[in-house]
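See below for the structure under consideration.
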Amino acid sequence: MAIELDIKKLTGLQPIIVKANPAAHSKMYIETYGCQMNVADSEVVVSILAQEGFSLTENYKEADLILINTCSIRDNAEQRIFNRLNEFKSLKKQRKGLLVGIIGCMAERLKEDLLEKVKLVDLVVGPDAYRDLPKLVREAEGGQRAINVLLSREETYAEISPVRLDKNGVSSFVSIMRGCDNMCAFCVVPYTRGRERSRNPETILNEIRELLEKGYKEVTLLGQNVDKYNWNNSEVSFARLLEMTALLTPDLRVRFSTSYPQDMTDEVLYTIAKYPNICNYIHLPVQSGSTEILEKMRRGYTREWYMDRISAIKRIIPDCAISSDFITGFCNETEEDHQQTLSLMEWVGFEYAYMFKYSERPNTFAARKMPDDVPEEVKSRRLDEIMELQHKLSHQSNLRDIGKTFEVLVEGISKKSDERLFGRNQQSKVVVFNKKDKKIGDYVMVKITTCTSATLHGEIVG
Ligand code: SAH
Ligand code: F3S
């Protein structure tokens with residue numbers, strides 16, 4: 001079934017040239033892969049095309065324009081998207097005039113190659129070129145293959161009001177900066193998303209005010225390295241932006257992602273501790289527990305530096321949950337390096353982790369200068385070992401929560417029972433509990449009674 005969106009109502013924006021535009025009755029379908037930033041970008045893309053008269057459909061079979069917002073972070077992410085493209089092939093044959101566009105990181109990485117190699121692709125648009133989409137779609141409608149993969153030093157889509165695509169109307173992402181200047185040796189992001197730049201804080205706060213008016217209760221401020229947020233020569237730092245967001249209303253929960261160990265300051269930690277509505281949860285990707293590997297990864301910090309940052313979090317925000325990212329089998333990683341990762345995990349006791357096998361990405365520093373020399377089966381075995389350990393750590397952390405009472409923001413109805421709701425506590429743990437008279441969007445106090453390694457279960461109190 002198609003979802004016809006009233007764009008003016010949703011965004012407060014006046015749709016322009018709807019009547020004059022041939023696309024006025026066209027339907028678009030968008031599929032999003034990869035990180036939260038891509039989710040936020042898709043919402044900007046829908047907003048830009050809505051102003052051109054495109055309405056959104058959830059059924060790609062009835063779409064006139066199919067867009068795939070893509071991820072290049074690991075090879076398997078790209079393979080998944082190529083497989084998905086194959087599924088659109090027959091549809092393209094059946095429906096004359098159907099346009100298929102690749103947008104986002106794969107568009108930026110592969111550029112013209114996508115048009116040449118994947119015959120069904122009509123449009124290739126990089127992450128900084130979305131404002132050009134209406135023109136590119138028109139070109140593609142006229143039979144040309146349309147491409148814009150220019151990266152920008154300024155573009156932040158600052159004043160564009162995104163069309164929200166989430167289903168629950170409770171929690172939303174807000175992009176505060178774009179790009180990344182860190183140049184970690186393994187990472188493709190600086191090449192696909194360009195240079196770091198911060199968004200005007202007023203436009204960020206306005207977007208959050210709009211969300212509050214629509215009834216949203218939680219925002220996650222997004223950037224590849226939020227600690228580097230810097231507006232107008234340090235006039236507004238990340239700590240200040242967090243504070244300004246928290247002060248909008250105590251009813252709003254504030255989250256952020258992602259912090260970077262080298263750049264995370266105590267000032268940010270004190271700001272989190274000061275405002276009860278800034279969630280006590282920090283995602284602090286470490287990648288490896290070995291200083292030698294960290295050096296080869298060009299992360300700019302040591303194992304000891306990372307441990308110091310963890311100690312600071314635990315000192316300043318005592319009940320803060322901490323999660324991380326890990327890569328196993330990076331170039332030259334020895335068994336000893338791997339053991340150091342395991343021991344760091346034990347030392348921190350992460351609540352949660354995202355764990356990956358190293359995947360060499362073309363043109364990155366590592367791909368150019370270092371052999372991808374850890375055999376596949378060793379990468380897999382090490383990945384299994386860190387996953388197993390993390391499973392144990394998550395379970396231990398959840399067991400420590402039994403008997404505690406948490407404020408939970410209700411996000412939905414439990415998949416297993418209509419009588420139970422689920423939401424998250426500040427620490428970002430999923431909590432399932434009896435429904436009573438509560439509904440999605442409510443804050444409730446829940447006392448934890450049992451748990452698994454993934455979920456806390458409890459009962460409403462008070
Ligand atoms: N700073 C970013 C990191 C983006 S990439 C953020 O906002 O999270 C997310 C994670 O993917 C990284 O932390 C890293 O663990 C993983 N990753 C990046 N490049 C990778 C590669 N080439 N192979 C395997 N994992 C990778
Ligand atoms: Fe990638 Fe490192 Fe930036 S992981 S996104 S280059 S912080």
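Going by the structure tokens order, chains are called A, B, ..., each with residues numbered from 1, while ligands are numbered from 1 in the order shown.
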Show which residues sit within 7 Å of Val461 of chain A, as JSON, numbers by chain. Count only C-alpha atoms, and ignore same-chain residues fewer than 3 positions away. {"A": [445, 446, 447]}
Contacts of ligand 2, 7 Å or closer, only C-alpha atoms and all ligand atoms, given as a ChimeraX atom specification: /A:180-184,187-190,224-225,260
Based on the selection just made, write all heavy atoms of those residues as a CSV table (one decimal), in the first residue's frame.
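The resulting file, result-v9.csv, is reproduced below:
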```
chain,number,residue,atom,x,y,z
A,180,CYS,N,34.5,12.9,7.7
A,180,CYS,CA,35.5,12.5,8.8
A,180,CYS,C,36.9,12.9,8.3
A,180,CYS,O,37.3,12.5,7.2
A,180,CYS,CB,35.3,11.1,9.1
A,180,CYS,SG,36.4,10.6,10.5
A,181,ASP,N,37.7,13.5,9.2
A,181,ASP,CA,39.1,13.8,8.9
A,181,ASP,C,40.1,12.9,9.5
A,181,ASP,O,41.3,13.1,9.5
A,181,ASP,CB,39.4,15.3,9.3
A,181,ASP,CG,38.8,16.3,8.4
A,181,ASP,OD1,38.3,15.9,7.3
A,181,ASP,OD2,38.9,17.5,8.7
A,182,ASN,N,39.6,11.8,10.1
A,182,ASN,CA,40.5,11.0,10.9
A,182,ASN,C,41.4,10.1,10.1
A,182,ASN,O,42.5,9.8,10.5
A,182,ASN,CB,39.7,10.1,11.9
A,182,ASN,CG,39.4,10.9,13.2
A,182,ASN,OD1,39.5,12.1,13.2
A,182,ASN,ND2,39.2,10.2,14.3
A,183,MET,N,40.9,9.6,9.0
A,183,MET,CA,41.7,8.8,8.1
A,183,MET,C,42.3,7.6,8.8
A,183,MET,O,43.5,7.3,8.7
A,183,MET,CB,42.9,9.6,7.5
A,183,MET,CG,42.5,10.9,6.8
A,183,MET,SD,41.4,10.6,5.3
A,183,MET,CE,42.6,10.1,4.1
A,184,CYS,N,41.5,6.8,9.5
A,184,CYS,CA,41.9,5.5,10.0
A,184,CYS,C,42.3,4.7,8.8
A,184,CYS,O,41.6,4.7,7.8
A,184,CYS,CB,40.8,4.9,10.8
A,184,CYS,SG,40.2,5.9,12.2
A,187,CYS,N,39.7,2.5,6.9
A,187,CYS,CA,38.3,3.0,6.7
A,187,CYS,C,38.1,3.8,5.4
A,187,CYS,O,38.8,4.7,5.0
A,187,CYS,CB,38.0,3.9,7.9
A,187,CYS,SG,36.2,4.5,7.9
A,188,VAL,N,36.9,3.5,4.8
A,188,VAL,CA,36.6,4.1,3.5
A,188,VAL,C,35.8,5.4,3.7
A,188,VAL,O,35.6,6.2,2.8
A,188,VAL,CB,35.8,3.1,2.7
A,188,VAL,CG1,34.4,2.9,3.1
A,188,VAL,CG2,35.9,3.3,1.2
A,189,VAL,N,35.3,5.7,4.9
A,189,VAL,CA,34.4,6.8,5.1
A,189,VAL,C,35.0,8.1,4.7
A,189,VAL,O,34.3,8.9,4.0
A,189,VAL,CB,33.9,6.8,6.6
A,189,VAL,CG1,33.2,8.1,6.9
A,189,VAL,CG2,33.0,5.7,6.9
A,190,PRO,N,36.2,8.5,5.0
A,190,PRO,CA,36.7,9.8,4.6
A,190,PRO,C,36.7,9.9,3.1
A,190,PRO,O,36.6,11.1,2.6
A,190,PRO,CB,38.2,9.8,5.1
A,190,PRO,CG,38.2,8.8,6.3
A,190,PRO,CD,37.2,7.8,5.9
A,224,GLN,N,30.3,11.2,12.5
A,224,GLN,CA,31.3,10.2,12.5
A,224,GLN,C,32.2,10.4,13.7
A,224,GLN,O,32.8,9.4,14.2
A,224,GLN,CB,32.2,10.2,11.2
A,224,GLN,CG,31.4,10.0,9.9
A,224,GLN,CD,30.7,8.6,9.9
A,224,GLN,OE1,31.0,7.7,10.6
A,224,GLN,NE2,29.7,8.5,9.0
A,225,ASN,N,32.4,11.6,14.1
A,225,ASN,CA,33.3,11.9,15.3
A,225,ASN,C,32.7,13.1,16.0
A,225,ASN,O,33.1,14.2,15.7
A,225,ASN,CB,34.7,12.1,14.8
A,225,ASN,CG,35.6,12.5,15.9
A,225,ASN,OD1,35.3,12.5,17.1
A,225,ASN,ND2,36.9,12.7,15.5
A,260,TYR,N,34.9,9.6,19.7
A,260,TYR,CA,36.2,9.1,19.3
A,260,TYR,C,37.2,9.2,20.5
A,260,TYR,O,37.4,10.3,21.0
A,260,TYR,CB,36.7,9.9,18.1
A,260,TYR,CG,37.9,9.3,17.4
A,260,TYR,CD1,37.7,8.1,16.6
A,260,TYR,CD2,39.2,9.7,17.6
A,260,TYR,CE1,38.8,7.5,16.0
A,260,TYR,CE2,40.3,9.1,17.0
A,260,TYR,CZ,40.1,8.0,16.2
A,260,TYR,OH,41.1,7.4,15.6
```
Name the residues in contact with segment 350-366 of chain A at a cut-off of 8 Å, using only C-alpha atoms, excluding same-chain residues fewer than 5 positions from it; report them as a PyMOL selection string. chain A and resi 73-75+184-188+297+321-331+345+371-372+379-380+383+386-387+390+393-394+397
Show which residues sit within 7 Å of segment 202-219 of chain A, as number ranges by chain. Count only C-alpha atoms, and ignore same-chain residues fewer than 5 positions away. A: 158-159, 161, 169-174, 176, 245, 251-255, 441
Keeping only N, CA and C atoms, write the selected residues to a file as a CSV table (one decimal), in the first residue's frame.
```csv
chain,number,residue,atom,x,y,z
A,158,ALA,N,21.7,21.9,6.1
A,158,ALA,CA,21.3,22.5,7.4
A,158,ALA,C,19.9,22.8,7.5
A,159,GLU,N,19.3,23.5,6.5
A,159,GLU,CA,17.9,24.0,6.7
A,159,GLU,C,16.9,23.0,6.1
A,161,SER,N,14.3,20.2,6.1
A,161,SER,CA,13.5,19.5,7.2
A,161,SER,C,13.2,18.1,6.7
A,169,GLY,N,7.7,7.0,15.8
A,169,GLY,CA,7.4,8.4,16.2
A,169,GLY,C,7.9,8.8,17.6
A,170,VAL,N,8.8,8.1,18.1
A,170,VAL,CA,9.4,8.3,19.5
A,170,VAL,C,10.8,8.8,19.4
A,171,SER,N,11.6,8.2,18.6
A,171,SER,CA,13.0,8.4,18.6
A,171,SER,C,13.5,8.7,17.2
A,172,SER,N,14.4,9.7,17.1
A,172,SER,CA,14.8,10.1,15.7
A,172,SER,C,16.3,10.5,15.7
A,173,PHE,N,16.9,10.4,14.5
A,173,PHE,CA,18.3,10.8,14.4
A,173,PHE,C,18.4,12.2,13.8
A,174,VAL,N,19.3,13.0,14.3
A,174,VAL,CA,19.6,14.3,13.8
A,174,VAL,C,21.1,14.5,13.5
A,176,ILE,N,24.4,16.2,13.0
A,176,ILE,CA,25.0,17.5,13.4
A,176,ILE,C,26.3,17.8,12.7
A,245,THR,N,20.9,21.2,23.6
A,245,THR,CA,19.9,20.3,23.3
A,245,THR,C,19.1,19.8,24.5
A,251,ASP,N,12.0,16.7,29.2
A,251,ASP,CA,11.3,15.6,28.7
A,251,ASP,C,11.9,14.9,27.5
A,252,LEU,N,12.9,15.5,26.9
A,252,LEU,CA,13.6,15.0,25.7
A,252,LEU,C,14.8,14.2,26.2
A,253,ARG,N,14.9,13.0,25.7
A,253,ARG,CA,16.1,12.2,25.9
A,253,ARG,C,17.1,12.5,24.8
A,254,VAL,N,18.4,12.7,25.2
A,254,VAL,CA,19.4,13.1,24.3
A,254,VAL,C,20.5,12.0,24.2
A,255,ARG,N,20.7,11.5,23.0
A,255,ARG,CA,21.8,10.5,22.8
A,255,ARG,C,22.7,11.1,21.7
A,441,GLY,N,5.7,5.9,23.7
A,441,GLY,CA,6.1,7.3,23.9
A,441,GLY,C,6.0,7.7,25.4
```
What is the atom CA of Gly412 of chain A-atom CA of Val226 of chain A distance in Å, reported with one decimal?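 According to the coordinates, atom CA of Gly412 of chain A and atom CA of Val226 of chain A are separated by 28.5 Å.
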I'd like the interatomic distance between atom CA of Leu409 of chain A and atom CA of Lys438 of chain A, to a tenth of an Å.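 We find that atom CA of Leu409 of chain A and atom CA of Lys438 of chain A lie 10.5 Å from each other.
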What residues in segment 154-328 of chain A get the DSSP label alpha helix (DSSP H)? Please answer as a PyMOL selection string. chain A and resi 189-193+201-213+238-246+266-274+291-296+303-316
Keeping only C-alpha atoms, take the residues you just selected and write them out as a JSON list (two decimals), in the first residue's frame.
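Written output follows (result-v4.json):
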```json
[["chain", "number", "residue", "atom", "x", "y", "z"],
["A", 189, "VAL", "CA", 34.38, 6.79, 5.13],
["A", 190, "PRO", "CA", 36.74, 9.77, 4.59],
["A", 191, "TYR", "CA", 36.75, 8.89, 0.87],
["A", 192, "THR", "CA", 33.00, 8.41, 0.54],
["A", 193, "ARG", "CA", 31.77, 11.16, 2.85],
["A", 201, "PRO", "CA", 23.53, 24.73, 15.73],
["A", 202, "GLU", "CA", 20.42, 26.88, 15.28],
["A", 203, "THR", "CA", 19.23, 24.62, 12.44],
["A", 204, "ILE", "CA", 19.95, 21.55, 14.59],
["A", 205, "LEU", "CA", 17.89, 22.93, 17.47],
["A", 206, "ASN", "CA", 15.09, 23.96, 15.10],
["A", 207, "GLU", "CA", 14.93, 20.45, 13.70],
["A", 208, "ILE", "CA", 14.69, 19.06, 17.24],
["A", 209, "ARG", "CA", 11.98, 21.56, 18.14],
["A", 210, "GLU", "CA", 9.99, 20.32, 15.13],
["A", 211, "LEU", "CA", 10.44, 16.76, 16.36],
["A", 212, "LEU", "CA", 9.20, 17.73, 19.82],
["A", 213, "GLU", "CA", 6.13, 19.35, 18.27],
["A", 238, "PHE", "CA", 30.09, 19.48, 21.17],
["A", 239, "ALA", "CA", 29.69, 19.81, 24.95],
["A", 240, "ARG", "CA", 27.85, 23.10, 24.45],
["A", 241, "LEU", "CA", 25.64, 21.65, 21.71],
["A", 242, "LEU", "CA", 24.73, 18.73, 24.00],
["A", 243, "GLU", "CA", 23.84, 21.21, 26.72],
["A", 244, "MET", "CA", 21.76, 23.37, 24.40],
["A", 245, "THR", "CA", 19.87, 20.26, 23.26],
["A", 246, "ALA", "CA", 19.32, 19.01, 26.80],
["A", 266, "ASP", "CA", 36.11, 15.43, 30.23],
["A", 267, "GLU", "CA", 34.00, 18.51, 29.48],
["A", 268, "VAL", "CA", 31.64, 16.32, 27.45],
["A", 269, "LEU", "CA", 31.54, 13.76, 30.29],
["A", 270, "TYR", "CA", 30.73, 16.44, 32.88],
["A", 271, "THR", "CA", 27.95, 17.74, 30.62],
["A", 272, "ILE", "CA", 26.44, 14.24, 30.40],
["A", 273, "ALA", "CA", 26.68, 13.91, 34.19],
["A", 274, "LYS", "CA", 25.10, 17.33, 34.75],
["A", 291, "THR", "CA", 48.81, -0.48, 20.95],
["A", 292, "GLU", "CA", 50.84, -1.80, 18.03],
["A", 293, "ILE", "CA", 47.73, -2.56, 16.00],
["A", 294, "LEU", "CA", 46.18, 0.77, 16.97],
["A", 295, "GLU", "CA", 49.29, 2.45, 15.63],
["A", 296, "LYS", "CA", 49.05, 0.50, 12.36],
["A", 303, "ARG", "CA", 45.65, 1.02, 24.77],
["A", 304, "GLU", "CA", 46.57, 3.07, 27.88],
["A", 305, "TRP", "CA", 44.97, 6.21, 26.49],
["A", 306, "TYR", "CA", 41.76, 4.30, 25.83],
["A", 307, "MET", "CA", 41.82, 2.85, 29.35],
["A", 308, "ASP", "CA", 42.27, 6.34, 30.75],
["A", 309, "ARG", "CA", 39.16, 7.51, 28.86],
["A", 310, "ILE", "CA", 37.17, 4.55, 30.21],
["A", 311, "SER", "CA", 38.35, 5.36, 33.75],
["A", 312, "ALA", "CA", 37.24, 8.97, 33.24],
["A", 313, "ILE", "CA", 33.77, 7.82, 32.08],
["A", 314, "LYS", "CA", 33.39, 5.51, 35.07],
["A", 315, "ARG", "CA", 34.59, 8.21, 37.48],
["A", 316, "ILE", "CA", 32.45, 11.06, 36.13]]
```
Using DSSP on the backbone coordinates, identify all residues within segment 390-456 of chain A classified as strand (DSSP E or B); present the result as a PDB file with N, CA and C atoms, in the first residue's frame.
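The result, written out as selection_38.pdb:
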```pdb
ATOM      1  N   THR A 405      15.873  -0.393  39.396  1.00  0.00           N
ATOM      2  CA  THR A 405      14.719   0.215  38.725  1.00  0.00           C
ATOM      3  C   THR A 405      15.225   1.274  37.741  1.00  0.00           C
ATOM      4  N   PHE A 406      14.713   1.203  36.513  1.00  0.00           N
ATOM      5  CA  PHE A 406      15.147   2.136  35.470  1.00  0.00           C
ATOM      6  C   PHE A 406      13.959   2.900  34.888  1.00  0.00           C
ATOM      7  N   GLU A 407      14.243   4.125  34.450  1.00  0.00           N
ATOM      8  CA  GLU A 407      13.255   4.847  33.648  1.00  0.00           C
ATOM      9  C   GLU A 407      13.380   4.320  32.213  1.00  0.00           C
ATOM     10  N   VAL A 408      12.243   3.912  31.651  1.00  0.00           N
ATOM     11  CA  VAL A 408      12.249   3.326  30.306  1.00  0.00           C
ATOM     12  C   VAL A 408      11.337   4.159  29.406  1.00  0.00           C
ATOM     13  N   LEU A 409      11.820   4.472  28.221  1.00  0.00           N
ATOM     14  CA  LEU A 409      10.976   5.151  27.224  1.00  0.00           C
ATOM     15  C   LEU A 409      10.360   4.074  26.328  1.00  0.00           C
ATOM     16  N   VAL A 410       9.018   4.027  26.325  1.00  0.00           N
ATOM     17  CA  VAL A 410       8.330   2.944  25.609  1.00  0.00           C
ATOM     18  C   VAL A 410       8.427   3.163  24.094  1.00  0.00           C
ATOM     19  N   GLU A 411       8.900   2.131  23.389  1.00  0.00           N
ATOM     20  CA  GLU A 411       9.072   2.251  21.934  1.00  0.00           C
ATOM     21  C   GLU A 411       8.122   1.374  21.129  1.00  0.00           C
ATOM     22  N   GLY A 412       7.583   0.309  21.747  1.00  0.00           N
ATOM     23  CA  GLY A 412       6.698  -0.546  20.956  1.00  0.00           C
ATOM     24  C   GLY A 412       6.140  -1.712  21.762  1.00  0.00           C
ATOM     25  N   ILE A 413       5.378  -2.546  21.022  1.00  0.00           N
ATOM     26  CA  ILE A 413       4.769  -3.723  21.646  1.00  0.00           C
ATOM     27  C   ILE A 413       5.701  -4.904  21.435  1.00  0.00           C
ATOM     28  N   ARG A 420       2.798  -7.200  26.541  1.00  0.00           N
ATOM     29  CA  ARG A 420       4.045  -6.615  27.041  1.00  0.00           C
ATOM     30  C   ARG A 420       4.558  -5.534  26.082  1.00  0.00           C
ATOM     31  N   LEU A 421       5.200  -4.554  26.656  1.00  0.00           N
ATOM     32  CA  LEU A 421       5.784  -3.471  25.863  1.00  0.00           C
ATOM     33  C   LEU A 421       7.302  -3.565  25.946  1.00  0.00           C
ATOM     34  N   PHE A 422       7.968  -2.886  25.015  1.00  0.00           N
ATOM     35  CA  PHE A 422       9.420  -2.777  25.165  1.00  0.00           C
ATOM     36  C   PHE A 422       9.858  -1.332  24.975  1.00  0.00           C
ATOM     37  N   GLY A 423      10.999  -1.053  25.560  1.00  0.00           N
ATOM     38  CA  GLY A 423      11.588   0.269  25.394  1.00  0.00           C
ATOM     39  C   GLY A 423      13.047   0.161  25.773  1.00  0.00           C
ATOM     40  N   ARG A 424      13.699   1.309  25.940  1.00  0.00           N
ATOM     41  CA  ARG A 424      15.098   1.253  26.374  1.00  0.00           C
ATOM     42  C   ARG A 424      15.305   2.113  27.611  1.00  0.00           C
ATOM     43  N   VAL A 430      17.574  -2.901  26.051  1.00  0.00           N
ATOM     44  CA  VAL A 430      16.159  -3.157  25.758  1.00  0.00           C
ATOM     45  C   VAL A 430      15.508  -3.784  26.993  1.00  0.00           C
ATOM     46  N   VAL A 431      14.368  -3.204  27.399  1.00  0.00           N
ATOM     47  CA  VAL A 431      13.651  -3.668  28.581  1.00  0.00           C
ATOM     48  C   VAL A 431      12.232  -4.067  28.148  1.00  0.00           C
ATOM     49  N   VAL A 432      11.820  -5.279  28.533  1.00  0.00           N
ATOM     50  CA  VAL A 432      10.464  -5.763  28.212  1.00  0.00           C
ATOM     51  C   VAL A 432       9.680  -5.861  29.520  1.00  0.00           C
ATOM     52  N   PHE A 433       8.426  -5.406  29.503  1.00  0.00           N
ATOM     53  CA  PHE A 433       7.677  -5.350  30.775  1.00  0.00           C
ATOM     54  C   PHE A 433       6.173  -5.406  30.510  1.00  0.00           C
ATOM     55  N   ASN A 434       5.412  -5.654  31.597  1.00  0.00           N
ATOM     56  CA  ASN A 434       3.951  -5.723  31.488  1.00  0.00           C
ATOM     57  C   ASN A 434       3.371  -4.376  31.066  1.00  0.00           C
ATOM     58  N   TYR A 443       7.073   7.538  29.428  1.00  0.00           N
ATOM     59  CA  TYR A 443       8.191   7.155  30.302  1.00  0.00           C
ATOM     60  C   TYR A 443       7.618   6.331  31.446  1.00  0.00           C
ATOM     61  N   VAL A 444       8.222   5.172  31.737  1.00  0.00           N
ATOM     62  CA  VAL A 444       7.740   4.357  32.859  1.00  0.00           C
ATOM     63  C   VAL A 444       8.927   3.900  33.703  1.00  0.00           C
ATOM     64  N   MET A 445       8.660   3.655  34.990  1.00  0.00           N
ATOM     65  CA  MET A 445       9.704   3.115  35.864  1.00  0.00           C
ATOM     66  C   MET A 445       9.527   1.599  35.901  1.00  0.00           C
ATOM     67  N   VAL A 446      10.588   0.875  35.588  1.00  0.00           N
ATOM     68  CA  VAL A 446      10.501  -0.586  35.512  1.00  0.00           C
ATOM     69  C   VAL A 446      11.559  -1.204  36.425  1.00  0.00           C
ATOM     70  N   LYS A 447      11.105  -2.147  37.260  1.00  0.00           N
ATOM     71  CA  LYS A 447      12.039  -2.882  38.132  1.00  0.00           C
ATOM     72  C   LYS A 447      12.406  -4.192  37.438  1.00  0.00           C
ATOM     73  N   ILE A 448      13.722  -4.416  37.315  1.00  0.00           N
ATOM     74  CA  ILE A 448      14.203  -5.574  36.559  1.00  0.00           C
ATOM     75  C   ILE A 448      14.125  -6.836  37.420  1.00  0.00           C
ATOM     76  N   THR A 449      13.518  -7.884  36.818  1.00  0.00           N
ATOM     77  CA  THR A 449      13.357  -9.136  37.567  1.00  0.00           C
ATOM     78  C   THR A 449      14.190 -10.281  36.981  1.00  0.00           C
ATOM     79  N   THR A 450      14.285 -10.343  35.651  1.00  0.00           N
ATOM     80  CA  THR A 450      15.105 -11.389  35.017  1.00  0.00           C
ATOM     81  C   THR A 450      15.791 -10.811  33.781  1.00  0.00           C
ATOM     82  N   CYS A 451      16.673 -11.604  33.186  1.00  0.00           N
ATOM     83  CA  CYS A 451      17.338 -11.106  31.973  1.00  0.00           C
ATOM     84  C   CYS A 451      17.874 -12.252  31.128  1.00  0.00           C
ATOM     85  N   THR A 455      18.445  -8.931  26.670  1.00  0.00           N
ATOM     86  CA  THR A 455      17.260  -8.185  27.093  1.00  0.00           C
ATOM     87  C   THR A 455      17.069  -8.228  28.605  1.00  0.00           C
ATOM     88  N   LEU A 456      16.556  -7.113  29.136  1.00  0.00           N
ATOM     89  CA  LEU A 456      16.136  -7.090  30.539  1.00  0.00           C
ATOM     90  C   LEU A 456      14.613  -7.261  30.583  1.00  0.00           C
TER      91      LEU A 456
END
```
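Take atom CA of Glu459 of chain A and atom CA of Pro318 of chain A: the distance between them is 24.3 Å.
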Residues within 9 Å of Arg199 of chain A, please, as a list in words. Count only C-alpha atoms; anything in the same chain fewer than 6 positions from it doesn't count.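 Counting only C-alpha atoms, the residues come to Glu154, Glu155, Thr156, Tyr157, Ala158, Ser175, Ile176, Met177, Arg178, Tyr229, Asn230 and Trp231 of chain A.
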Please list as a ChimeraX atom specification every residue within 10 Å of Tyr29 of chain A, counting only C-alpha atoms and excluding residues in the same chain fewer than 5 positions away. /A:2,46,54-68,100
Return the single residue from A:Val137, A:Val163, A:Leu99, A:Leu110 that is closest to Val39 of chain A, with distances computed using only C-alpha atoms.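 The closest residue to Val39 of chain A is A:Val163.
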Might you pull out every residue within 10 Å of Leu136 of chain A, with only C-alpha atoms counted and same-chain residues fewer than 2 positions away left off, and present them as a ChimeraX atom specification? /A:101,122-125,129-134,138-142,144-148
